[in-house]
file start-v5.txt (compact mmCIF, C-alpha atoms and all ligand atoms)
# COMPACT_ATOMS: atom_id res chain seq x y z
CA MET A 1 15.66 26.10 32.11
CA SER A 2 14.68 22.67 30.93
CA ILE A 3 12.36 20.49 32.99
CA TYR A 4 14.48 17.53 31.94
CA LYS A 5 17.81 16.22 33.22
CA THR A 6 20.43 13.95 31.74
CA GLY A 7 21.26 10.57 33.30
CA LEU A 8 19.56 7.21 33.65
CA ASP A 9 18.26 7.99 37.13
CA PHE A 10 16.09 10.75 35.74
CA ALA A 11 14.65 8.41 33.07
CA LYS A 12 13.83 5.90 35.82
CA GLU A 13 12.21 8.60 37.90
CA LEU A 14 10.04 9.66 34.95
CA ASP A 15 8.97 6.04 34.41
CA GLN A 16 8.14 5.64 38.09
CA ASN A 17 5.91 8.70 38.00
CA ASP A 18 4.26 7.81 34.71
CA GLU A 19 0.59 7.00 35.31
CA LEU A 20 0.40 5.19 31.95
CA ALA A 21 3.51 3.05 32.57
CA SER A 22 1.51 -0.12 33.23
CA TYR A 23 0.05 -0.12 29.69
CA ARG A 24 3.41 -1.28 28.32
CA SER A 25 2.73 -4.71 29.82
CA GLN A 26 -0.45 -4.92 27.75
CA PHE A 27 1.63 -5.11 24.56
CA HIS A 28 3.93 -7.70 23.03
CA ILE A 29 7.34 -6.03 22.93
CA PRO A 30 9.64 -7.71 20.35
CA LYS A 31 12.77 -9.27 21.88
CA ASP A 32 16.38 -9.49 20.74
CA THR A 33 18.26 -12.80 20.48
CA HIS A 34 19.10 -12.60 24.21
CA GLY A 35 15.45 -12.24 25.14
CA ASN A 36 15.76 -8.54 26.01
CA ASP A 37 13.12 -6.03 24.95
CA ILE A 38 14.01 -4.31 21.72
CA ILE A 39 13.74 -0.53 21.79
CA TYR A 40 10.77 -0.22 19.48
CA LEU A 41 10.35 3.34 18.20
CA CYS A 42 8.49 2.45 15.03
CA GLY A 43 4.83 2.90 15.92
CA ASN A 44 4.69 5.45 13.10
CA SER A 45 5.04 2.52 10.73
CA LEU A 46 3.52 -0.49 12.48
CA GLY A 47 2.18 -0.34 16.02
CA LEU A 48 2.77 -3.20 18.44
CA GLN A 49 0.27 -5.94 19.17
CA PRO A 50 -1.95 -5.63 22.24
CA LYS A 51 -1.95 -8.89 24.19
CA THR A 52 -5.75 -8.90 24.07
CA THR A 53 -5.89 -8.95 20.26
CA LYS A 54 -5.60 -12.71 20.09
CA SER A 55 -8.60 -13.30 22.34
CA TYR A 56 -10.75 -10.82 20.38
CA ILE A 57 -9.91 -12.63 17.13
CA ASN A 58 -10.24 -16.06 18.73
CA GLN A 59 -13.75 -15.23 19.86
CA GLU A 60 -14.77 -14.71 16.24
CA LEU A 61 -12.90 -17.84 15.07
CA GLU A 62 -14.71 -19.86 17.75
CA ASP A 63 -18.09 -18.46 16.80
CA TRP A 64 -17.41 -19.12 13.14
CA ALA A 65 -16.36 -22.71 13.97
CA HIS A 66 -19.47 -23.37 16.05
CA LEU A 67 -22.09 -21.32 14.31
CA GLY A 68 -21.10 -21.00 10.67
CA VAL A 69 -23.33 -18.52 8.91
CA GLU A 70 -25.53 -18.20 12.01
CA GLY A 71 -22.70 -16.14 13.51
CA HIS A 72 -23.99 -13.15 11.59
CA THR A 73 -26.79 -12.91 14.13
CA GLU A 74 -25.95 -15.44 16.88
CA ALA A 75 -22.23 -14.82 17.57
CA LYS A 76 -21.41 -13.34 20.96
CA ASN A 77 -20.67 -10.19 19.00
CA PRO A 78 -22.97 -10.59 15.99
CA TRP A 79 -21.17 -9.96 12.73
CA LEU A 80 -23.96 -8.07 10.98
CA PRO A 81 -23.62 -5.01 13.21
CA TYR A 82 -19.98 -5.78 14.22
CA HIS A 83 -18.52 -2.56 12.76
CA GLU A 84 -20.95 -0.59 14.92
CA PHE A 85 -19.18 -1.90 18.05
CA LEU A 86 -16.16 0.19 17.01
CA THR A 87 -17.92 3.39 16.08
CA ASP A 88 -18.05 5.26 19.40
CA SER A 89 -14.42 4.51 20.31
CA MET A 90 -13.14 5.36 16.85
CA ALA A 91 -15.13 8.60 16.87
CA LYS A 92 -13.56 9.55 20.22
CA VAL A 93 -10.03 8.81 19.02
CA VAL A 94 -10.39 11.17 16.04
CA GLY A 95 -12.64 13.76 17.70
CA ALA A 96 -15.71 13.08 15.59
CA LYS A 97 -19.37 12.28 16.08
CA PRO A 98 -20.38 8.64 15.64
CA ILE A 99 -22.33 9.43 12.46
CA GLU A 100 -19.13 10.82 10.94
CA VAL A 101 -16.87 7.76 11.13
CA ILE A 102 -16.64 4.34 9.59
CA THR A 103 -13.99 1.60 9.64
CA MET A 104 -13.71 0.08 6.17
CA ASN A 105 -11.39 -0.78 3.27
CA THR A 106 -7.79 0.42 3.27
CA LEU A 107 -6.45 3.96 3.44
CA THR A 108 -5.72 4.63 -0.23
CA ALA A 109 -8.98 2.94 -1.24
CA ASN A 110 -10.87 5.21 1.17
CA LEU A 111 -9.07 8.24 -0.22
CA HIS A 112 -10.36 7.33 -3.68
CA PHE A 113 -13.89 6.73 -2.43
CA MET A 114 -13.84 10.10 -0.68
CA MET A 115 -12.60 11.78 -3.84
CA VAL A 116 -15.44 10.18 -5.82
CA SER A 117 -17.71 12.26 -3.60
CA PHE A 118 -15.67 15.35 -2.78
CA TYR A 119 -13.54 15.92 -5.84
CA LYS A 120 -16.07 17.44 -8.20
CA PRO A 121 -14.01 19.09 -10.92
CA THR A 122 -15.34 21.44 -13.58
CA ALA A 123 -13.49 22.79 -16.62
CA GLN A 124 -12.59 25.95 -14.64
CA ARG A 125 -12.14 24.49 -11.17
CA TYR A 126 -10.38 21.16 -11.29
CA LYS A 127 -6.99 21.49 -9.59
CA ILE A 128 -5.89 19.65 -6.46
CA VAL A 129 -3.45 20.98 -3.84
CA ILE A 130 -1.25 18.57 -1.89
CA GLU A 131 1.92 19.11 0.11
CA ALA A 132 5.06 18.74 -2.03
CA ASP A 133 6.36 15.86 0.04
CA ALA A 134 3.04 14.08 0.41
CA PHE A 135 3.17 10.35 1.01
CA PRO A 136 3.61 8.78 -2.46
CA SER A 137 0.35 6.83 -2.33
CA ASP A 138 -1.58 10.08 -1.80
CA LYS A 139 0.18 11.70 -4.72
CA TYR A 140 -0.47 8.72 -7.00
CA ALA A 141 -4.11 8.67 -5.91
CA VAL A 142 -4.78 12.35 -6.66
CA GLU A 143 -2.87 12.17 -9.96
CA SER A 144 -4.99 9.23 -11.03
CA GLN A 145 -8.16 11.09 -10.06
CA LEU A 146 -7.09 13.99 -12.27
CA ARG A 147 -6.46 11.61 -15.18
CA HIS A 148 -9.72 9.77 -14.48
CA HIS A 149 -11.58 13.04 -14.98
CA GLY A 150 -9.69 13.77 -18.21
CA PHE A 151 -7.23 16.33 -16.82
CA ASP A 152 -3.48 16.50 -17.12
CA ASP A 153 -1.96 15.25 -13.88
CA LYS A 154 0.91 17.77 -14.02
CA ALA A 155 -1.14 20.83 -14.86
CA GLY A 156 -3.82 19.82 -12.38
CA LEU A 157 -1.59 19.29 -9.38
CA ILE A 158 -0.49 22.25 -7.24
CA LEU A 159 2.27 21.54 -4.75
CA TRP A 160 2.45 23.40 -1.43
CA LYS A 161 6.22 23.52 -1.02
CA PRO A 162 8.54 24.24 1.88
CA ARG A 163 10.77 27.23 1.25
CA LYS A 164 14.21 26.74 -0.26
CA GLY A 165 16.55 24.96 2.15
CA GLU A 166 13.69 24.19 4.59
CA GLU A 167 11.62 21.09 5.28
CA LEU A 168 8.64 22.57 7.09
CA TYR A 169 5.64 24.19 5.47
CA HIS A 170 4.42 27.77 6.00
CA TYR A 171 0.68 28.49 6.03
CA GLU A 172 1.33 31.85 4.35
CA ASP A 173 2.57 29.98 1.27
CA LEU A 174 -0.65 27.96 1.13
CA GLU A 175 -2.60 31.20 1.52
CA ASN A 176 -0.69 32.67 -1.43
CA ILE A 177 -1.51 29.62 -3.55
CA LEU A 178 -5.19 30.08 -2.71
CA GLU A 179 -5.04 33.84 -3.41
CA GLN A 180 -3.55 33.21 -6.83
CA HIS A 181 -5.36 30.04 -7.91
CA GLY A 182 -8.32 29.73 -5.52
CA ASP A 183 -10.96 29.69 -8.26
CA GLU A 184 -9.15 26.90 -10.15
CA ILE A 185 -8.85 24.60 -7.13
CA ALA A 186 -11.47 21.92 -6.51
CA LEU A 187 -9.78 20.09 -3.64
CA ILE A 188 -7.12 20.57 -0.96
CA MET A 189 -5.87 17.21 0.32
CA ILE A 190 -3.16 17.37 2.97
CA GLY A 191 -1.41 14.73 5.08
CA ASN A 192 -2.42 16.17 8.44
CA THR A 193 0.77 14.96 10.12
CA ASN A 194 3.47 14.85 7.47
CA TYR A 195 4.98 11.37 7.31
CA TYR A 196 8.52 12.66 6.75
CA THR A 197 8.89 15.66 9.02
CA GLY A 198 6.19 14.86 11.57
CA GLN A 199 4.77 18.40 11.12
CA PHE A 200 1.18 18.45 12.38
CA PHE A 201 -1.02 20.90 10.48
CA ASP A 202 -3.80 23.06 11.82
CA MET A 203 -6.70 21.42 10.02
CA LYS A 204 -9.19 24.05 11.10
CA ARG A 205 -7.08 26.81 9.59
CA ILE A 206 -6.50 24.93 6.32
CA THR A 207 -10.18 23.99 6.07
CA ALA A 208 -11.34 27.57 6.67
CA LEU A 209 -8.92 28.79 4.03
CA GLY A 210 -10.06 26.19 1.49
CA HIS A 211 -13.75 26.81 2.15
CA LYS A 212 -13.26 30.57 1.85
CA HIS A 213 -12.08 29.95 -1.70
CA GLY A 214 -14.83 27.46 -2.53
CA CYS A 215 -12.66 24.31 -2.35
CA MET A 216 -13.41 20.98 -0.73
CA VAL A 217 -10.89 20.03 1.97
CA GLY A 218 -9.80 16.57 3.05
CA PHE A 219 -6.98 15.12 5.15
CA ASP A 220 -4.94 11.95 5.24
CA CYS A 221 -4.60 11.33 8.98
CA ALA A 222 -2.46 8.17 8.72
CA HIS A 223 0.15 9.69 11.04
CA GLY A 224 -2.34 11.54 13.17
CA ALA A 225 -4.94 8.98 14.27
CA GLY A 226 -4.09 7.73 17.75
CA ASN A 227 -1.08 10.06 17.83
CA VAL A 228 -2.48 13.58 18.08
CA GLN A 229 -5.87 15.01 18.98
CA LEU A 230 -7.52 15.47 15.64
CA ASN A 231 -10.84 17.14 16.54
CA LEU A 232 -12.10 16.27 13.08
CA ASN A 233 -15.63 17.50 13.64
CA ASP A 234 -14.45 20.88 14.87
CA SER A 235 -11.93 21.18 12.03
CA GLY A 236 -14.84 21.41 9.60
CA ALA A 237 -12.98 19.23 7.07
CA ASP A 238 -15.20 17.65 4.45
CA PHE A 239 -13.53 14.26 4.80
CA ALA A 240 -10.56 12.46 6.30
CA VAL A 241 -9.04 9.00 6.00
CA TRP A 242 -6.53 7.11 8.14
CA CYS A 243 -5.07 3.68 8.69
CA THR A 244 -5.20 1.61 11.86
CA TYR A 245 -1.88 -0.25 11.64
CA LYS A 246 0.32 2.61 12.89
CA TYR A 247 -0.60 4.34 16.15
CA LEU A 248 -3.86 2.40 16.34
CA ASN A 249 -2.00 -0.91 16.81
CA SER A 250 -4.44 -3.03 14.83
CA GLY A 251 -2.08 -5.19 12.79
CA PRO A 252 -0.39 -5.11 9.39
CA GLY A 253 -2.74 -4.03 6.60
CA SER A 254 -5.69 -3.72 8.98
CA LEU A 255 -8.82 -1.88 7.90
CA ALA A 256 -8.81 1.89 7.62
CA GLY A 257 -10.96 4.73 8.88
CA ALA A 258 -12.96 7.37 7.10
CA PHE A 259 -14.62 10.56 8.32
CA VAL A 260 -17.32 12.49 6.52
CA HIS A 261 -18.40 15.70 8.20
CA GLU A 262 -21.93 15.60 9.61
CA ARG A 263 -23.09 18.37 7.28
CA HIS A 264 -22.83 15.81 4.44
CA ALA A 265 -24.48 12.99 6.41
CA HIS A 266 -27.90 13.22 4.79
CA ASP A 267 -26.91 14.57 1.41
CA LYS A 268 -28.20 12.05 -1.10
CA THR A 269 -27.11 14.18 -4.05
CA LEU A 270 -23.40 13.54 -3.44
CA ASN A 271 -21.90 11.34 -6.10
CA ARG A 272 -20.56 8.11 -4.63
CA PHE A 273 -19.81 4.49 -5.33
CA THR A 274 -22.22 2.22 -3.54
CA GLY A 275 -22.78 -1.43 -2.66
CA TRP A 276 -25.23 -3.37 -0.54
CA TRP A 277 -23.54 -2.18 2.67
CA SER A 278 -24.36 1.43 1.70
CA HIS A 279 -28.04 0.48 1.74
CA ASN A 280 -30.55 1.01 4.57
CA LYS A 281 -29.92 -1.69 7.18
CA GLN A 282 -33.61 -2.31 7.81
CA THR A 283 -34.27 -3.41 4.24
CA ARG A 284 -30.83 -4.57 3.10
CA PHE A 285 -31.79 -8.22 3.15
CA ASN A 286 -35.05 -7.76 1.29
CA MET A 287 -32.63 -7.72 -1.60
CA ARG A 288 -34.72 -6.41 -4.49
CA HIS A 289 -35.42 -2.97 -3.12
CA GLU A 290 -34.54 0.23 -4.88
CA PHE A 291 -31.32 1.61 -3.44
CA ASP A 292 -31.92 3.47 -0.18
CA GLN A 293 -28.84 5.37 1.02
CA LEU A 294 -27.67 4.88 4.62
CA PRO A 295 -27.01 8.26 6.25
CA GLY A 296 -23.57 9.25 7.54
CA ALA A 297 -20.12 7.82 6.93
CA GLU A 298 -21.56 4.29 7.10
CA GLY A 299 -23.22 4.98 3.80
CA TRP A 300 -19.80 4.94 2.12
CA GLN A 301 -19.35 1.24 2.89
CA LEU A 302 -19.65 -1.12 -0.04
CA SER A 303 -19.19 -4.62 1.32
CA ASN A 304 -19.71 -6.69 4.41
CA PRO A 305 -16.46 -6.11 6.32
CA PRO A 306 -13.75 -8.61 7.38
CA ILE A 307 -14.68 -9.41 10.98
CA LEU A 308 -11.23 -10.73 11.97
CA SER A 309 -9.63 -7.39 11.12
CA LEU A 310 -12.42 -5.48 12.87
CA ALA A 311 -11.86 -7.67 15.95
CA ALA A 312 -8.17 -6.62 16.11
CA ILE A 313 -9.13 -2.97 15.76
CA ARG A 314 -11.74 -3.37 18.47
CA ALA A 315 -9.16 -4.84 20.86
CA SER A 316 -6.96 -1.81 20.32
CA LEU A 317 -9.75 0.77 20.48
CA ASP A 318 -10.85 -0.65 23.82
CA ILE A 319 -7.44 0.33 25.19
CA PHE A 320 -7.66 3.80 23.68
CA ASN A 321 -11.13 4.17 25.10
CA GLU A 322 -9.89 3.27 28.57
CA VAL A 323 -6.92 5.67 28.51
CA GLY A 324 -8.39 8.52 26.44
CA MET A 325 -6.55 10.71 23.97
CA GLU A 326 -6.09 13.50 26.51
CA LYS A 327 -3.86 11.45 28.81
CA LEU A 328 -2.06 9.92 25.86
CA GLN A 329 -1.29 13.30 24.40
CA ALA A 330 -0.05 14.61 27.75
CA LYS A 331 2.41 11.73 28.10
CA SER A 332 3.33 11.94 24.43
CA ARG A 333 4.38 15.56 24.79
CA LYS A 334 6.52 14.82 27.82
CA LEU A 335 8.11 11.72 26.30
CA THR A 336 8.90 13.38 22.98
CA GLY A 337 10.08 16.54 24.75
CA TYR A 338 12.47 14.41 26.81
CA PHE A 339 13.67 12.62 23.66
CA GLU A 340 14.30 15.98 21.99
CA PHE A 341 16.17 17.24 25.06
CA LEU A 342 18.49 14.20 25.07
CA LEU A 343 19.10 14.34 21.32
CA LYS A 344 20.06 18.00 21.59
CA GLN A 345 22.79 17.04 24.06
CA LEU A 346 24.50 15.29 21.12
CA GLY A 347 25.30 18.71 19.67
CA GLU A 348 24.08 20.72 16.73
CA ASP A 349 27.05 19.77 14.58
CA THR A 350 25.99 16.12 14.85
CA ILE A 351 22.26 16.03 14.52
CA ARG A 352 19.38 18.25 13.48
CA ILE A 353 15.76 17.55 14.32
CA ILE A 354 13.60 18.57 11.40
CA THR A 355 10.29 18.07 13.21
CA PRO A 356 8.81 21.34 14.58
CA GLU A 357 9.95 22.29 18.09
CA ASN A 358 6.50 23.49 19.06
CA PRO A 359 4.62 20.56 20.68
CA GLU A 360 1.37 21.92 19.16
CA GLU A 361 2.81 21.29 15.72
CA ARG A 362 3.90 17.69 16.11
CA GLY A 363 2.89 14.34 17.51
CA CYS A 364 5.31 11.87 19.06
CA GLN A 365 7.52 11.38 16.00
CA LEU A 366 10.89 13.09 15.71
CA SER A 367 12.65 13.07 12.34
CA ILE A 368 16.36 13.20 13.01
CA GLN A 369 18.85 14.24 10.41
CA VAL A 370 22.29 12.93 11.26
CA LYS A 371 24.95 15.08 9.65
CA ASN A 372 27.28 13.37 7.17
CA ALA A 373 25.61 10.04 7.82
CA ASP A 374 24.28 7.43 5.46
CA LYS A 375 22.24 4.28 5.91
CA ALA A 376 25.23 2.49 7.49
CA LEU A 377 24.59 4.48 10.67
CA PHE A 378 20.96 3.46 10.72
CA ASP A 379 21.95 -0.18 10.17
CA LYS A 380 24.27 0.04 13.20
CA LEU A 381 21.46 1.51 15.25
CA THR A 382 19.20 -1.38 14.24
CA ALA A 383 21.94 -3.90 15.06
CA SER A 384 22.21 -2.29 18.52
CA GLY A 385 18.58 -3.22 19.19
CA VAL A 386 16.72 -0.05 18.19
CA ILE A 387 13.87 -0.38 15.69
CA SER A 388 13.18 2.93 13.97
CA ASP A 389 12.98 3.75 10.30
CA TRP A 390 15.13 5.33 7.67
CA ARG A 391 14.03 7.77 4.99
CA GLU A 392 16.43 8.66 2.22
CA PRO A 393 18.62 10.61 2.03
CA ASP A 394 19.54 11.05 5.71
CA VAL A 395 16.59 10.96 8.09
CA ILE A 396 15.85 8.55 10.93
CA ARG A 397 12.24 8.66 12.05
CA CYS A 398 11.62 7.67 15.65
CA ALA A 399 8.26 7.61 17.38
CA PRO A 400 8.18 7.06 21.14
CA VAL A 401 4.61 5.90 21.56
CA PRO A 402 3.03 6.87 24.91
CA LEU A 403 1.07 3.62 25.24
CA TYR A 404 4.05 1.27 25.25
CA ASN A 405 7.31 3.21 25.17
CA SER A 406 9.09 4.18 28.35
CA TYR A 407 11.37 7.08 29.22
CA GLN A 408 14.13 4.50 29.58
CA ASP A 409 13.52 3.38 25.97
CA VAL A 410 14.22 6.91 24.87
CA TYR A 411 17.23 7.27 27.15
CA ASN A 412 18.74 3.98 25.96
CA MET A 413 18.14 4.84 22.32
CA VAL A 414 20.07 8.10 22.63
CA GLU A 415 22.87 6.35 24.52
CA ARG A 416 23.22 3.79 21.73
CA LEU A 417 23.15 6.47 19.06
CA LYS A 418 25.82 8.40 20.98
CA LYS A 419 28.02 5.30 21.15
CA ILE A 420 27.68 4.71 17.41
CA LEU A 421 28.45 8.34 16.61
CA ASN A 422 31.55 8.20 18.76
C1 LIG A 501 0.60 9.14 5.01
C2 LIG A 501 0.26 7.83 4.36
N1 LIG A 501 -0.64 7.83 3.37
C3 LIG A 501 -0.97 6.68 2.74
C4 LIG A 501 -0.38 5.47 3.08
C5 LIG A 501 -0.76 4.25 2.33
O1 LIG A 501 -1.55 3.42 3.09
P1 LIG A 501 -2.27 2.10 2.55
O2 LIG A 501 -1.24 1.19 2.01
O3 LIG A 501 -2.89 1.53 3.77
O4 LIG A 501 -3.27 2.50 1.53
C6 LIG A 501 0.56 5.44 4.12
C7 LIG A 501 1.20 4.19 4.51
O5 LIG A 501 2.09 4.10 5.33
C8 LIG A 501 0.90 6.66 4.76
O6 LIG A 501 1.82 6.70 5.73

call {"tool": "encode", "arguments": {"input": "start-v5.txt", "output": "structure tokens"}}
result
Amino acid sequence: MSIYKTGLDFAKELDQNDELASYRSQFHIPKDTHGNDIIYLCGNSLGLQPKTTKSYINQELEDWAHLGVEGHTEAKNPWLPYHEFLTDSMAKVVGAKPIEVITMNTLTANLHFMMVSFYKPTAQRYKIVIEADAFPSDKYAVESQLRHHGFDDKAGLILWKPRKGEELYHYEDLENILEQHGDEIALIMIGNTNYYTGQFFDMKRITALGHKHGCMVGFDCAHGAGNVQLNLNDSGADFAVWCTYKYLNSGPGSLAGAFVHERHAHDKTLNRFTGWWSHNKQTRFNMRHEFDQLPGAEGWQLSNPPILSLAAIRASLDIFNEVGMEKLQAKSRKLTGYFEFLLKQLGEDTIRIITPENPEERGCQLSIQVKNADKALFDKLTASGVISDWREPDVIRCAPVPLYNSYQDVYNMVERLKKILN
């Protein structure tokens, strides 16, 4: 027996009883030409703007206007330590300790910087494992790392593939790869929530497996951060990277996150690229000192960071901090479960959800395969006022985000899809 019911009344009832419902009004919801809220189910691509973002950025613009360079120390939120104002909240969002996280650069750049430190190939052990349908940027990044170290990017790349005719990945197949090739593999780098299927992987299990075989293990958490509880510290992963423009609602191209497990925090022997922002804060401005490595993830910074982007991230993290990932995840499961229930009413001969059914193995995204459909269907859905995204050949990805999506959003989306299909 399902806990859900069909009908608009039920959606309204769920919204009325939703303790996070008021957060929707803290976001700018895009409008259609009639001034009605668009049904925005695209937080997996670009999250919506918190209404507070402008004031956080304006504060820094004002201080820059009035203080110039003095803002580094005299701004209301001094720029020199500005990134530190984000550390505790970011650590909470990804389940890490403050020493393990840093907000810097962009996602793919961070992935490279992490691989400089954690991809340490030798002639015998140089291969990298990724999932077969990894996000292209991840694949290009690991291929270029293989080439950079003088290895063939085909021979050096091992793909963890779904079984024939399936989209989801089986851990047993990864275990088999490790059994057969474990001593040739230097690094396992997995998208912790697959961008296409929405499958959320057990990072602790994958990390334990990799470590058992002597491999380093890292994750791209682009689709996980702010969406699922990551528990990065507990996972034991060596490193992780993520972006802040999706579920972390920090604006297009905003700075990214990086995690380095605490066991590496004081290891000065790790190879890495450095800059003046990797140097001890106490003596950074003495300028001519010998390099003195900052401990923890902060030590992977190179440059003084863009404060305006950090300000937008801070605005968003303050909301996450207030709500907490636990409550967000609880609503997310209910909202996505409801969405799944309604989609299933459309009938198995019409649609197939490729995202795992088990709530433990997914976040809020559902990847919907519409049978015998092409992009024309998606275009009609968009024209009806639903923003989602399309992945060739036949998948619509929709992410009802617990912070700003309502149960009625989900209900109305399915109604519009039903109308188009009919
Ligand atoms: C899973 C994943 N990895 C990597 C990227 C690339 O991110 P960036 O352009 O910020 O480097 C994206 C972007 O959407 C992504 O979804």

call {"tool": "atom_distance", "arguments": {"input": "start-v5.txt", "atom1": "CA of Gly253 in chain A", "atom2": "CA of Val93 in chain A"}}
result
19.3 Å

call {"tool": "closest_atom_pairs", "arguments": {"input": "start-v5.txt", "of": "range 322-404 of chain A", "to": "range 152-167 of chain A", "cutoff": "10 Å", "atoms": "only C-alpha atoms", "output": "CSV"}}
result
residue,atom,partner,partner_atom,distance
A:Ile354,CA,A:Glu167,CA,6.9
A:Thr355,CA,A:Glu167,CA,8.6
A:Pro356,CA,A:Glu167,CA,9.7

call {"tool": "residues_around", "arguments": {"input": "start-v5.txt", "residues": "Gln301 in chain A", "least_positions_apart": "5", "cutoff": "8 Å", "atoms": "all atoms listed in the file", "output": "ChimeraX atom specification"}}
result
/A:102,104,274-275,277-278

call {"tool": "residues_around", "arguments": {"input": "start-v5.txt", "residues": "Gln293 in chain A", "least_positions_apart": "3", "cutoff": "12 Å", "atoms": "all atoms listed in the file", "output": "ChimeraX atom specification"}}
result
/A:265-284,289-290,296-302

call {"tool": "residues_around", "arguments": {"input": "start-v5.txt", "residues": "range 170-187 of chain A", "least_positions_apart": "2", "cutoff": "10 Å", "atoms": "all atoms listed in the file", "output": "JSON, numbers by chain"}}
result
{"A": [115, 118, 119, 120, 121, 122, 123, 124, 125, 126, 127, 128, 129, 130, 131, 142, 156, 157, 158, 159, 160, 161, 162, 163, 167, 168, 189, 190, 201, 202, 205, 206, 209, 210, 211, 212, 213, 214, 215, 216, 217, 218]}

call {"tool": "residues_around", "arguments": {"input": "start-v5.txt", "residues": "range 57-66 of chain A", "least_positions_apart": "5", "cutoff": "7 Å", "atoms": "only C-alpha atoms", "output": "JSON, numbers by chain"}}
result
{"A": [71, 75, 308, 311, 312]}

call {"tool": "atom_distance", "arguments": {"input": "start-v5.txt", "atom1": "CA of Asp18 in chain A", "atom2": "CA of Glu340 in chain A"}}
result
18.1 Å
